[in-house]
Number of protein chains: 2
Amino acid sequence: MKIALLGTGMMGYPMAKRLCEAGHEVHVWNRTRAKAEGLAAHGATVHDEARDAVRNVEFVITMLEHGPIVEQVLFGAGVAQAMNPGTVVIDMSSIKPAEAREHAERLGGMGITHLDAPVSGGTLGAEAGTLAIMAGGKATTFERAKPVFAPLGRATLVGPSGAGQLAKLANQMIVGITIGAVAEALLLCEKGGADPAKVKEAITGGFADSRILQVHGQRMVERDFAPRGRMTVQLKDMRNALDTAAGLGFTAPITGLLEQLYADGVANGFSDLDQAGLFAELARRNGMK
Amino acid sequence: MKIALLGTGMMGYPMAKRLCEAGHEVHVWNRTRAKAEGLAAHGATVHDEARDAVRNVEFVITMLEHGPIVEQVLFGAGVAQAMNPGTVVIDMSSIKPAEAREHAERLGGMGITHLDAPVSGGTLGAEAGTLAIMAGGKATTFERAKPVFAPLGRATLVGPSGAGQLAKLANQMIVGITIGAVAEALLLCEKGGADPAKVKEAITGGFADSRILQVHGQRMVERDFAPRGRMTVQLKDMRNALDTAAGLGFTAPITGLLEQLYADGVANGFSDLDQAGLFAELARRNGMK
């Protein structure tokens, strides 16, 4: 199939590469063209203008930083106008659910279909084609897009337009809160004279076990807070979740508390740590290291 | 080896059975003798008095409801006095770390060694011999006890006396908070029009994945709150954690919030639900079902 991919950053680049390797005809564009050029060697066509990349393709994937940038790229310079009617825009960026619904409506008015399909799994998942893809939109569109998703990861349709972004927020809420749970529990153990590394080992495999315990819990035990996902990004995620909750008239007290704790961490010098650095903030509050 | 096991309830009974099957000489006692009698068929000797069960054994396992009952059984009716010096008491009940340390000291004064070794894994884990055993005490005692632990599950020494109980509290804290994270996130999705069952499926395998998401998240999706672990027990665990934290001068804000939420759930008619019933309480707060 003919696919355009707009935004070949940390995530978009390896995704475009996988689409090329799967045999698709891939057209790429990136604001800084130099970051896209390596994809030519994999068979992609590199364009100077986004509106040229999207001409005559069946699918347009956007993988950009946040909602306003997605809006600017799609609607700012004649890009949507350059798409054929019937084109499917798959926005794999993580943006607010309300923004995704608005983009879907605007595109719908131009005869273009939209799926929101944010991902979890990071650059490693993008490279390996093992992303968790959370899709919102129409079932018929989702079915059509399956060959596009296949080389990228495992896609699940979770509801109508905007629902994919909601699922991504849910994912980030659970991640942010579980990091807090593990940090608070391991610090209490340390304060009471138990060895946190041994406690982590002892509770592995039971009901307290999680990806967070294994990955971020290990970072806490080793005090290794070199950033993979930063505290500031986790804070932004918690705030997006709270904004979305407020817009729906939904109270999210646990997310609210964690937003405060991540904010305290950012305010106390831990902004550039890994998100597991919430451990450092909870330690600081308790006069521990 | 000669082992006494005091308290053949939901957990103690299958544990005693496994010790018999492993070839140990097992002496059992239970306050309600009838609940112990089935173990005779597996080769155990059933005693009327705890002090008779513990005579001339190398290890005494206690598996009782809480700290004051452990104290009453060990020190109340000449039981500790009936043990040979050098006997090892392994308290596998879940009690407060401070109580465990006190029991260890009192027994130490009588020449008896103590390990606290609470477990996670429930009756299924007890029957299958797959309990997670969190031990506190001396390394030499832990080594001696390994053949006793082997048929019951995987034992890890996490620190000195009381540290096993601290690890168990950490386990319960993480469980209680993670249930809250999953409940709040799935409810937000539902409020926003996404399908919680599909969201759970979509985020499975990513960083938000956990035993709680799989087990308790599924109960939430199915609104199946038949009690396995009750709300009241989860509330008790959160309170024990907060009491222990306070005693150590440690602030645990996330556990504190969850204690309030479980208490609200218990106050609003959900006391006999499964602990995953926190979902019902968060739904109630948001005018949802």
# chains A, B, ... in the order shown; residues from 1 in each chain; ligands from 1

$ closest_atom_pairs --of "chain A" --to "chain B" --cutoff "7 Å" --atoms "only C-alpha atoms" --output "tab-separated table"
residue	atom	partner	partner_atom	distance
A:Ser120	CA	B:Gly206	CA	6.6
A:Gly121	CA	B:Gly206	CA	6.3
A:Ala132	CA	B:Ala202	CA	6.4
A:Ile133	CA	B:Ala202	CA	6.9
A:Met134	CA	B:Ala202	CA	5.9
A:Thr156	CA	B:Ala202	CA	5.3
A:Val158	CA	B:Lys198	CA	4.9
A:Gly159	CA	B:Ala194	CA	4.6
A:Pro160	CA	B:Ala194	CA	7.0
A:Ala163	CA	B:Ala194	CA	5.0
A:Leu166	CA	B:Cys189	CA	5.9
A:Ala167	CA	B:Val199	CA	5.7
A:Ala170	CA	B:Ala185	CA	4.6
A:Asn171	CA	B:Ala208	CA	5.6
A:Met173	CA	B:Ala185	CA	6.4
A:Ile174	CA	B:Ala181	CA	5.1
A:Val175	CA	B:Ala208	CA	5.1
A:Ile177	CA	B:Ala181	CA	6.0
A:Thr178	CA	B:Thr178	CA	5.8
A:Ala181	CA	B:Ile174	CA	5.1
A:Val182	CA	B:Ile174	CA	6.1
A:Glu184	CA	B:Ala252	CA	6.4
A:Ala185	CA	B:Ala170	CA	4.6
A:Leu186	CA	B:Ala170	CA	6.8
A:Leu188	CA	B:Ala245	CA	6.7
A:Cys189	CA	B:Leu166	CA	5.9
A:Gly192	CA	B:Leu248	CA	6.7
A:Gly193	CA	B:Ala163	CA	6.7
A:Ala194	CA	B:Gly159	CA	4.6
A:Asp195	CA	B:Val158	CA	5.6
A:Lys198	CA	B:Val158	CA	4.9
A:Val199	CA	B:Val158	CA	5.6
A:Ala202	CA	B:Thr156	CA	5.4
A:Ile203	CA	B:Asn171	CA	6.4
A:Gly206	CA	B:Gly121	CA	6.3
A:Phe207	CA	B:Arg211	CA	5.4
A:Ala208	CA	B:Val175	CA	5.1
A:Asp209	CA	B:Arg211	CA	5.9
A:Ser210	CA	B:Ser210	CA	3.9
A:Arg211	CA	B:Phe207	CA	5.4
A:Ile212	CA	B:Phe207	CA	6.2
A:Ala245	CA	B:Leu188	CA	6.7
A:Leu248	CA	B:Gly192	CA	6.7
A:Phe250	CA	B:Asn286	CA	6.1
A:Thr251	CA	B:Asn286	CA	6.6
A:Ala252	CA	B:Glu184	CA	6.4
A:Asn286	CA	B:Phe250	CA	6.0

$ write_last_selection --atoms "C-alpha atoms" --output "PDB file, in the first residue's frame"
ATOM      1  CA  SER A 120       2.981   2.375  24.126  1.00  0.00           C
ATOM      2  CA  GLY A 121       6.313   0.595  24.019  1.00  0.00           C
ATOM      3  CA  ALA A 132       0.783  -1.638  21.832  1.00  0.00           C
ATOM      4  CA  ILE A 133      -1.491   0.395  19.538  1.00  0.00           C
ATOM      5  CA  MET A 134      -4.699   1.779  21.094  1.00  0.00           C
ATOM      6  CA  THR A 156      -6.789  -2.961  19.470  1.00  0.00           C
ATOM      7  CA  VAL A 158     -11.048   0.392  22.031  1.00  0.00           C
ATOM      8  CA  GLY A 159     -13.952   2.618  20.998  1.00  0.00           C
ATOM      9  CA  PRO A 160     -15.022   5.563  18.840  1.00  0.00           C
ATOM     10  CA  ALA A 163     -11.027   6.471  22.647  1.00  0.00           C
ATOM     11  CA  LEU A 166      -8.243   7.924  26.330  1.00  0.00           C
ATOM     12  CA  ALA A 167      -6.723   4.434  26.544  1.00  0.00           C
ATOM     13  CA  ALA A 170      -5.318   5.290  31.160  1.00  0.00           C
ATOM     14  CA  ASN A 171      -2.029   3.532  30.400  1.00  0.00           C
ATOM     15  CA  MET A 173      -2.174   6.912  34.749  1.00  0.00           C
ATOM     16  CA  ILE A 174      -1.585   3.283  35.699  1.00  0.00           C
ATOM     17  CA  VAL A 175       2.151   3.609  35.000  1.00  0.00           C
ATOM     18  CA  ILE A 177       0.495   5.520  40.010  1.00  0.00           C
ATOM     19  CA  THR A 178       2.171   2.100  40.059  1.00  0.00           C
ATOM     20  CA  ALA A 181       3.138   2.421  44.822  1.00  0.00           C
ATOM     21  CA  VAL A 182       6.436   0.606  44.314  1.00  0.00           C
ATOM     22  CA  GLU A 184       6.512   4.184  48.619  1.00  0.00           C
ATOM     23  CA  ALA A 185       6.515   0.476  49.534  1.00  0.00           C
ATOM     24  CA  LEU A 186      10.253  -0.074  48.921  1.00  0.00           C
ATOM     25  CA  LEU A 188       9.063   2.007  53.825  1.00  0.00           C
ATOM     26  CA  CYS A 189      10.925  -1.316  53.801  1.00  0.00           C
ATOM     27  CA  GLY A 192      12.320  -0.244  58.588  1.00  0.00           C
ATOM     28  CA  GLY A 193      15.609  -2.058  57.988  1.00  0.00           C
ATOM     29  CA  ALA A 194      14.622  -4.514  55.228  1.00  0.00           C
ATOM     30  CA  ASP A 195      16.678  -4.797  52.038  1.00  0.00           C
ATOM     31  CA  LYS A 198      15.448  -8.619  48.571  1.00  0.00           C
ATOM     32  CA  VAL A 199      11.890  -7.387  49.105  1.00  0.00           C
ATOM     33  CA  ALA A 202      10.482 -11.838  47.481  1.00  0.00           C
ATOM     34  CA  ILE A 203       7.288 -10.270  46.112  1.00  0.00           C
ATOM     35  CA  GLY A 206       2.789 -12.557  43.491  1.00  0.00           C
ATOM     36  CA  PHE A 207      -0.118 -10.125  43.221  1.00  0.00           C
ATOM     37  CA  ALA A 208       2.228  -7.136  43.689  1.00  0.00           C
ATOM     38  CA  ASP A 209       4.171  -8.087  40.567  1.00  0.00           C
ATOM     39  CA  SER A 210       4.102  -5.810  37.531  1.00  0.00           C
ATOM     40  CA  ARG A 211       6.212  -4.577  34.652  1.00  0.00           C
ATOM     41  CA  ILE A 212       6.771  -1.450  36.755  1.00  0.00           C
ATOM     42  CA  ALA A 245     -11.159  13.823  33.574  1.00  0.00           C
ATOM     43  CA  LEU A 248     -15.772  14.646  31.504  1.00  0.00           C
ATOM     44  CA  PHE A 250     -14.883  12.652  36.388  1.00  0.00           C
ATOM     45  CA  THR A 251     -12.944  12.874  39.656  1.00  0.00           C
ATOM     46  CA  ALA A 252      -9.622  11.043  39.690  1.00  0.00           C
ATOM     47  CA  ASN A 286      11.322  11.367  54.373  1.00  0.00           C
TER      48      ASN A 286
END

$ residues_around --residues "Ile69 in chain B" --least-positions-apart "5" --cutoff "12 Å" --atoms "only C-alpha atoms" --output "PyMOL selection string"
chain B and resi 6-7+31+62-64+74-76+91+93-95+99+103

$ write_last_selection --atoms "N, CA and C atoms" --output "PDB file, in the first residue's frame"
ATOM      1  N   LEU B   6       0.730 -24.879  64.160  1.00  0.00           N
ATOM      2  CA  LEU B   6      -0.375 -24.414  65.007  1.00  0.00           C
ATOM      3  C   LEU B   6      -1.281 -23.503  64.192  1.00  0.00           C
ATOM      4  N   GLY B   7      -2.511 -23.927  63.990  1.00  0.00           N
ATOM      5  CA  GLY B   7      -3.465 -23.114  63.211  1.00  0.00           C
ATOM      6  C   GLY B   7      -3.683 -23.727  61.845  1.00  0.00           C
ATOM      7  N   ARG B  31      -7.445 -24.570  67.355  1.00  0.00           N
ATOM      8  CA  ARG B  31      -8.369 -24.256  68.442  1.00  0.00           C
ATOM      9  C   ARG B  31      -9.649 -25.089  68.285  1.00  0.00           C
ATOM     10  N   THR B  62       3.595 -21.219  63.114  1.00  0.00           N
ATOM     11  CA  THR B  62       2.299 -20.654  63.503  1.00  0.00           C
ATOM     12  C   THR B  62       1.666 -20.002  62.281  1.00  0.00           C
ATOM     13  N   MET B  63       0.367 -20.280  62.087  1.00  0.00           N
ATOM     14  CA  MET B  63      -0.361 -19.695  60.959  1.00  0.00           C
ATOM     15  C   MET B  63      -1.707 -19.245  61.504  1.00  0.00           C
ATOM     16  N   LEU B  64      -1.711 -18.028  62.087  1.00  0.00           N
ATOM     17  CA  LEU B  64      -2.874 -17.574  62.850  1.00  0.00           C
ATOM     18  C   LEU B  64      -3.345 -16.216  62.344  1.00  0.00           C
ATOM     19  N   LEU B  74       1.412 -18.578  71.571  1.00  0.00           N
ATOM     20  CA  LEU B  74       2.811 -18.881  71.899  1.00  0.00           C
ATOM     21  C   LEU B  74       3.089 -18.764  73.399  1.00  0.00           C
ATOM     22  N   PHE B  75       2.530 -17.722  74.033  1.00  0.00           N
ATOM     23  CA  PHE B  75       2.951 -17.418  75.403  1.00  0.00           C
ATOM     24  C   PHE B  75       1.852 -17.667  76.431  1.00  0.00           C
ATOM     25  N   GLY B  76       0.645 -18.037  75.957  1.00  0.00           N
ATOM     26  CA  GLY B  76      -0.504 -18.034  76.859  1.00  0.00           C
ATOM     27  C   GLY B  76      -0.664 -19.275  77.712  1.00  0.00           C
ATOM     28  N   ASP B  91       6.906 -17.942  62.380  1.00  0.00           N
ATOM     29  CA  ASP B  91       5.558 -17.375  62.383  1.00  0.00           C
ATOM     30  C   ASP B  91       5.207 -16.929  60.966  1.00  0.00           C
ATOM     31  N   SER B  93       2.089 -16.216  60.038  1.00  0.00           N
ATOM     32  CA  SER B  93       0.934 -15.326  60.096  1.00  0.00           C
ATOM     33  C   SER B  93       1.358 -13.944  59.607  1.00  0.00           C
ATOM     34  N   SER B  94       0.357 -13.149  59.175  1.00  0.00           N
ATOM     35  CA  SER B  94       0.635 -11.750  58.832  1.00  0.00           C
ATOM     36  C   SER B  94       0.310 -10.888  60.038  1.00  0.00           C
ATOM     37  N   ILE B  95       1.361 -10.379  60.695  1.00  0.00           N
ATOM     38  CA  ILE B  95       1.154  -9.542  61.882  1.00  0.00           C
ATOM     39  C   ILE B  95       2.013  -8.289  61.733  1.00  0.00           C
ATOM     40  N   GLU B  99       5.231  -6.315  66.445  1.00  0.00           N
ATOM     41  CA  GLU B  99       4.812  -7.505  67.191  1.00  0.00           C
ATOM     42  C   GLU B  99       5.783  -8.657  66.931  1.00  0.00           C
ATOM     43  N   HIS B 103       7.956 -10.700  69.704  1.00  0.00           N
ATOM     44  CA  HIS B 103       7.906 -12.160  69.879  1.00  0.00           C
ATOM     45  C   HIS B 103       9.310 -12.757  69.782  1.00  0.00           C
TER      46      HIS B 103
END

$ residues_around --residues "Val148 in chain B" --least-positions-apart "4" --cutoff "9 Å" --atoms "only C-alpha atoms" --output "MDAnalysis selection string"
chainID B and resid 1 3 19 24 59 144 152

$ atom_distance --atom1 "CA of Ala50 in chain B" --atom2 "CA of Pro118 in chain B"
20.4 Å

$ atom_distance --atom1 "CA of Ala139 in chain B" --atom2 "CA of Leu5 in chain B"
22.0 Å
